[in-house]
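Worksheet for the structure shown next.
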Amino acid sequence: MLKIETIRHSLAHILGLAIQELYPGVKFGIGPAIQDGFYYDFDFNQKSGLQTKNLGLENLPRIEKKMKEIIKQDIDFKKKEMSVKQAIEFFKKRKQYYKIELIKDLAQKKGKIISIYESGKFTDLCAGPHIKSTIQLHSGDTKEIINSFRLTRIAGAYWKGDEKNKMLTRIYGIAFQTKKELADYLKLQKEKEQRDHREIGKKLDLFHISEEIGPGLVLWHPRGAILKKIIEDYILEKYLKNDYELVSTPHIAKIGLWETSGHTNFYKENMFPLMHMQELEKDEKDNYEIKPMNCPFHISIYKQKIRSYKDLPIRYTELGTVYRYERSGVLHGLTRVRGFTQDDAHIWCAKEQLDKELILAFKLCFEVLKTFGFKKYDIYLSTMPKKHVGTLKNWEKATNSLKYSLKKVGLKYEIDPGEGVFYGPKVDIKIKDSLGRAWQCTTIQVDFNLPNNFEMTYINKKGKKEQPIMIHRAILGSLERFIGVLLENYGGALPFWLAPEQIWIIPISSKEKTYAKKIAKELFSFRAKVKDENETVSKKIREASIQKIPYALVIGKKEMKEKTIRIRQREKGDIGEMKLSMFIKKINADTKSKK
RNA sequence: GCCGGGAUAGUUCAGUGGUAGAACAUUUUCUUGGUAAGAAAAAGGUCAUGGGUUCGAUUCCCAUUCUCGGCUCCA
């Protein structure tokens with residue numbers, strides 16, 4: 001049995017061959033197998049017979065047809081080995097300069113023998129493995145393969161993934177062993193689409209982003225805003241109970257603040273441009289900047305007093321709304337926006353307290369994530385980036401502390417080299433949703449540098465000034481992104497305590513309206529709504545189901561007479577009659593256990 | 001920002017070089033109902049914006065904005 005990766009990789013080569021025949025003179029980048037399929041990067045801009053500058057989607061069927069023709073020709077894949085020198089010579093003749101670059105990289109890493117694969121007129125630098133012949137794709141057990149791949153889209157992709165390099169044209173394809181697997185894949189894609197928080201947001205009337213107001217700026221509708229408030233209330237209470245203190249700070253500050261913090265140097269491309277105050281008033285000499293982060297404000301509060309070692313650790317928290325300039329191509333629903341609210345906190349402590357504070361932060365973090373129903377995470381430790389402030393020694397110290405506390409809490413992590421923030425290393429926690437996609441929300445960062453820039457001090461036991469260490473941490477990350485992930489995780493069916501509308505009371509006829517309103521009154525501490533529109537019960541039940549309402553209470557003659565309610569639960573359907581007091585007990589328990 | 005798509009009613013989408021249609025939602029009337037769509041009628045659009053070609057453009061062309069899928073970047 002052929003491995004699917006082998007098939008995908010070979011299809012990438014066949015795509016290469018097809019392109020070579022259709023557009024002679026094309027330069028080739030790389031063409032690997034990927035999850036669900038394959039891609040190949042091409043440089044068309046060199047007299048490749050392409051009329052327009054770039055390849056359009058309308059060309060894909062033609063290329064796909066060519067690939068199928070090639071497969072039917074039963075072309076063999078032959079592996080050959082040669083020396084680096086020979087290989088360079090070989091590709092030089094064919095003017096495949098990207099390949100030469102790859103060979104040079106390979107020679108440094110792996111040594112002197114280079115393997116290539118020859119399939120018909122197309123020869124590619126490749127370690128393999130490959131199919132023996134394209135006959136394997138259209139005969140015998142595997143004859144379905146020829147009908148189980150598709151070219152899907154065209155995208156630009158930078159050579160070697162570096163923005164500074166030339167952008168090549170990437171053609172993506174999907175490929176499976178059987179038609180059924182392809183059908184299953186397409187079905188899963190559809191399911192993912194249905195779970196898309198942007199769709200859910202529209203369907204459940206939670207939020208919108210308006211062209212008139214601006215890209216990446218979220219407008220929360222009543223139902224979305226209440227959801228946001230429930231989460232905010234929960235998280236703030238949690239922090240206050242864990243000895244954080246609440247602070248509140250402005251949205252703009254003078255440019256000088258950001259110069260001190262280092263943001264104008266290291267974070268400039270993410271900050272909205274300056275507000276020029278002199279345009280208003282000649283004497284207003286200071287320019288302002290809208291905040292991309294809350295840290296400098298919290299530092300300012302710290303610095304209002306002379307701090308003693310007895311005061312430490314100091315933990316300030318704020319639901320701080322920040323604005324960051326994000327490039328237009330990266331915005332995505334709620335998960336990547338330009339204005340967002342962080343459940344931000346900053347902790348200042350003495351050196352010897354650092355490990356303990358980090359451990360507390362990690363523990364709190366997992367407690368919170370568990371409450372929201374997230375059980376799987378990927379943890380990354382990001383180390384010193386190229387653009388950074390502070391000494392190497394401090395970076396090492398901070399990184400080691402993070403490693404130590406992760407180990408102490410028993411968490412497995414991966415290193416993400418060079419991905420730290422400019423002021424310090426960080427631990428990011430990517431939450432996995434129910435479809436296994438990972439989203440970065442939590443971030444915990446150690447910072448030796450801002451305390452230095454802002455000359456923060458405390459008085460130690462010996463009566464001398466000492467610099468505290470600073471921890472930045474946000475557990476939900478951004479409320480916007482977190483809600484987006486939450487919606488996808490639950491497919492919109494939020495647990496009772498989070499549901500914007502928890503209970504619908506559905507009177508069967510208008511005779512029970514008054515009774516329905518009475519019940520609503522008794523459910524005052526919940527988010528209950530009387531649905532007394534002139535519609536049938538069935539229709540309202542259907543609507544409740546679409547809107548993912550946890551409970552629908554149906555009341556008619558019988559219930560009114562017996563002073564009961566009939567309960568339909570979102571997951572279980574009709575669960576029978578109950579006294580209202582019993583139901584309240586039940587949902588009080590739901591609220592308490594956050595289920 | 002870059003590459004490739006897209007933008008028609010509140011929503012999901014048809015459609016056309018001669019100024020627009022469906023379904024759902026909305027409003028009204030009838031219906032007073034027992035667990036996933038009761039019936040009828042009405043109302044809804046500068047066909048994203050700005051130019052150009054044309055006797056005439058929502059349709060063709062160009063630009064802009066927004067949006068979607070990638071790349072890069074990121075909470």
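FYI, nothing fancy with the structure tokens labels: chains A, B, ... in order, residues from 1 per chain, ligands from 1 as they appear.
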
Give the residues of chain A that lie within 8 Å of chain B; count only C-alpha atoms (C1' of nucleotides), and format the answer as number ranges by chain. A: 56-57, 153-158, 161-163, 167, 169, 211, 215, 327-330, 336, 342, 440-443, 477-478, 481, 508-510, 536-539, 541-543, 545, 554, 556, 568, 574

Can you list, as a VMD selection string, all residues belonging to stretch 161-266 of chain A that DSSP tags as strand (DSSP E or B)? chain A and resid 167 to 175 207 to 209 218 to 220 245 to 246 252 to 254

Name the residues in contact with B:A43 at a cut-off of 12 Å, using only C-alpha atoms (C1' of nucleotides), excluding same-chain residues fewer than 4 positions from it; report them as a PyMOL selection string. chain B and resi 9+26-28

Take the residues that were just selected and, keeping N, CA and C atoms (P, O5', C5', C4', C3', O3' and C1' of nucleotides), output them as a CSV table (one decimal), in the first residue's frame.
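Everything below was put into selection.csv:
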```csv
chain,number,residue,atom,x,y,z
B,9,A,P,-27.9,43.1,-1.2
B,9,A,O5',-29.4,43.4,-1.3
B,9,A,C5',-29.9,44.8,-1.0
B,9,A,C4',-31.1,44.7,-0.1
B,9,A,C3',-31.0,43.9,1.1
B,9,A,O3',-31.7,44.5,2.2
B,9,A,C1',-32.8,43.1,-0.2
B,26,U,P,-39.3,37.5,12.0
B,26,U,O5',-39.3,38.9,11.3
B,26,U,C5',-38.5,39.9,11.8
B,26,U,C4',-38.8,41.3,11.2
B,26,U,C3',-40.2,41.7,11.2
B,26,U,O3',-40.5,42.4,12.4
B,26,U,C1',-39.5,41.9,9.0
B,27,U,P,-41.9,42.2,13.2
B,27,U,O5',-42.9,43.0,12.3
B,27,U,C5',-42.8,44.5,12.3
B,27,U,C4',-43.8,45.0,11.3
B,27,U,C3',-45.3,44.5,11.4
B,27,U,O3',-46.0,45.2,12.4
B,27,U,C1',-44.6,44.3,9.2
B,28,U,P,-47.1,44.5,13.3
B,28,U,O5',-48.3,44.4,12.2
B,28,U,C5',-49.0,45.5,11.7
B,28,U,C4',-49.9,45.1,10.6
B,28,U,C3',-51.0,44.0,11.0
B,28,U,O3',-52.1,44.6,11.7
B,28,U,C1',-50.0,43.5,8.9
```

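As for atom CA of A:Thr341 and atom CA of A:Lys426, they are spaced 19.7 Å apart.
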
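Looking only at stretch 213-257 of chain A, the set that DSSP places in alpha helix (DSSP H) from backbone geometry is Pro222, Arg223, Gly224, Ala225, Ile226, Leu227, Lys228, Lys229, Ile230, Ile231, Glu232, Asp233, Tyr234, Ile235, Leu236, Glu237, Lys238, Tyr239, Leu240, Lys241, Ile255, Gly256 and Leu257 of chain A.
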
Those same residues - N, CA and C atoms - I'd like them written as a PDB file, in the first residue's frame.
```
ATOM      1  N   PRO A 222     -26.253  43.421  21.560  1.00  0.00           N
ATOM      2  CA  PRO A 222     -26.678  43.118  22.938  1.00  0.00           C
ATOM      3  C   PRO A 222     -26.278  41.727  23.417  1.00  0.00           C
ATOM      4  N   ARG A 223     -26.529  40.715  22.613  1.00  0.00           N
ATOM      5  CA  ARG A 223     -26.197  39.362  23.068  1.00  0.00           C
ATOM      6  C   ARG A 223     -24.695  39.136  23.204  1.00  0.00           C
ATOM      7  N   GLY A 224     -23.919  39.702  22.298  1.00  0.00           N
ATOM      8  CA  GLY A 224     -22.471  39.546  22.369  1.00  0.00           C
ATOM      9  C   GLY A 224     -21.903  40.320  23.538  1.00  0.00           C
ATOM     10  N   ALA A 225     -22.448  41.508  23.754  1.00  0.00           N
ATOM     11  CA  ALA A 225     -21.939  42.354  24.831  1.00  0.00           C
ATOM     12  C   ALA A 225     -22.197  41.709  26.186  1.00  0.00           C
ATOM     13  N   ILE A 226     -23.358  41.047  26.315  1.00  0.00           N
ATOM     14  CA  ILE A 226     -23.644  40.407  27.614  1.00  0.00           C
ATOM     15  C   ILE A 226     -22.695  39.219  27.809  1.00  0.00           C
ATOM     16  N   LEU A 227     -22.406  38.514  26.740  1.00  0.00           N
ATOM     17  CA  LEU A 227     -21.451  37.397  26.827  1.00  0.00           C
ATOM     18  C   LEU A 227     -20.081  37.906  27.273  1.00  0.00           C
ATOM     19  N   LYS A 228     -19.676  39.022  26.673  1.00  0.00           N
ATOM     20  CA  LYS A 228     -18.387  39.613  27.021  1.00  0.00           C
ATOM     21  C   LYS A 228     -18.388  40.024  28.498  1.00  0.00           C
ATOM     22  N   LYS A 229     -19.497  40.601  28.937  1.00  0.00           N
ATOM     23  CA  LYS A 229     -19.587  41.039  30.340  1.00  0.00           C
ATOM     24  C   LYS A 229     -19.518  39.853  31.304  1.00  0.00           C
ATOM     25  N   ILE A 230     -20.189  38.753  30.964  1.00  0.00           N
ATOM     26  CA  ILE A 230     -20.170  37.576  31.838  1.00  0.00           C
ATOM     27  C   ILE A 230     -18.730  37.099  32.016  1.00  0.00           C
ATOM     28  N   ILE A 231     -18.006  37.060  30.896  1.00  0.00           N
ATOM     29  CA  ILE A 231     -16.615  36.600  30.952  1.00  0.00           C
ATOM     30  C   ILE A 231     -15.764  37.587  31.743  1.00  0.00           C
ATOM     31  N   GLU A 232     -15.983  38.867  31.490  1.00  0.00           N
ATOM     32  CA  GLU A 232     -15.207  39.896  32.199  1.00  0.00           C
ATOM     33  C   GLU A 232     -15.482  39.853  33.703  1.00  0.00           C
ATOM     34  N   ASP A 233     -16.734  39.719  34.068  1.00  0.00           N
ATOM     35  CA  ASP A 233     -17.092  39.657  35.494  1.00  0.00           C
ATOM     36  C   ASP A 233     -16.414  38.468  36.159  1.00  0.00           C
ATOM     37  N   TYR A 234     -16.488  37.333  35.464  1.00  0.00           N
ATOM     38  CA  TYR A 234     -15.896  36.119  36.021  1.00  0.00           C
ATOM     39  C   TYR A 234     -14.391  36.299  36.228  1.00  0.00           C
ATOM     40  N   ILE A 235     -13.742  36.792  35.187  1.00  0.00           N
ATOM     41  CA  ILE A 235     -12.281  36.825  35.233  1.00  0.00           C
ATOM     42  C   ILE A 235     -11.789  37.853  36.253  1.00  0.00           C
ATOM     43  N   LEU A 236     -12.462  38.995  36.331  1.00  0.00           N
ATOM     44  CA  LEU A 236     -12.046  40.015  37.301  1.00  0.00           C
ATOM     45  C   LEU A 236     -12.211  39.509  38.719  1.00  0.00           C
ATOM     46  N   GLU A 237     -13.333  38.855  38.972  1.00  0.00           N
ATOM     47  CA  GLU A 237     -13.576  38.326  40.305  1.00  0.00           C
ATOM     48  C   GLU A 237     -12.489  37.311  40.668  1.00  0.00           C
ATOM     49  N   LYS A 238     -12.165  36.496  39.690  1.00  0.00           N
ATOM     50  CA  LYS A 238     -11.130  35.474  39.887  1.00  0.00           C
ATOM     51  C   LYS A 238      -9.796  36.134  40.281  1.00  0.00           C
ATOM     52  N   TYR A 239      -9.440  37.172  39.548  1.00  0.00           N
ATOM     53  CA  TYR A 239      -8.170  37.840  39.817  1.00  0.00           C
ATOM     54  C   TYR A 239      -8.176  38.512  41.185  1.00  0.00           C
ATOM     55  N   LEU A 240      -9.299  39.180  41.508  1.00  0.00           N
ATOM     56  CA  LEU A 240      -9.359  39.868  42.800  1.00  0.00           C
ATOM     57  C   LEU A 240      -9.231  38.862  43.942  1.00  0.00           C
ATOM     58  N   LYS A 241      -9.861  37.708  43.762  1.00  0.00           N
ATOM     59  CA  LYS A 241      -9.765  36.660  44.791  1.00  0.00           C
ATOM     60  C   LYS A 241      -8.349  36.126  44.911  1.00  0.00           C
ATOM     61  N   ILE A 255       3.701  60.782  23.706  1.00  0.00           N
ATOM     62  CA  ILE A 255       4.682  59.971  22.985  1.00  0.00           C
ATOM     63  C   ILE A 255       5.891  59.631  23.848  1.00  0.00           C
ATOM     64  N   GLY A 256       6.231  60.542  24.750  1.00  0.00           N
ATOM     65  CA  GLY A 256       7.406  60.344  25.610  1.00  0.00           C
ATOM     66  C   GLY A 256       7.345  59.040  26.390  1.00  0.00           C
ATOM     67  N   LEU A 257       6.162  58.703  26.830  1.00  0.00           N
ATOM     68  CA  LEU A 257       5.971  57.476  27.596  1.00  0.00           C
ATOM     69  C   LEU A 257       6.409  56.270  26.771  1.00  0.00           C
TER      70      LEU A 257
END
```
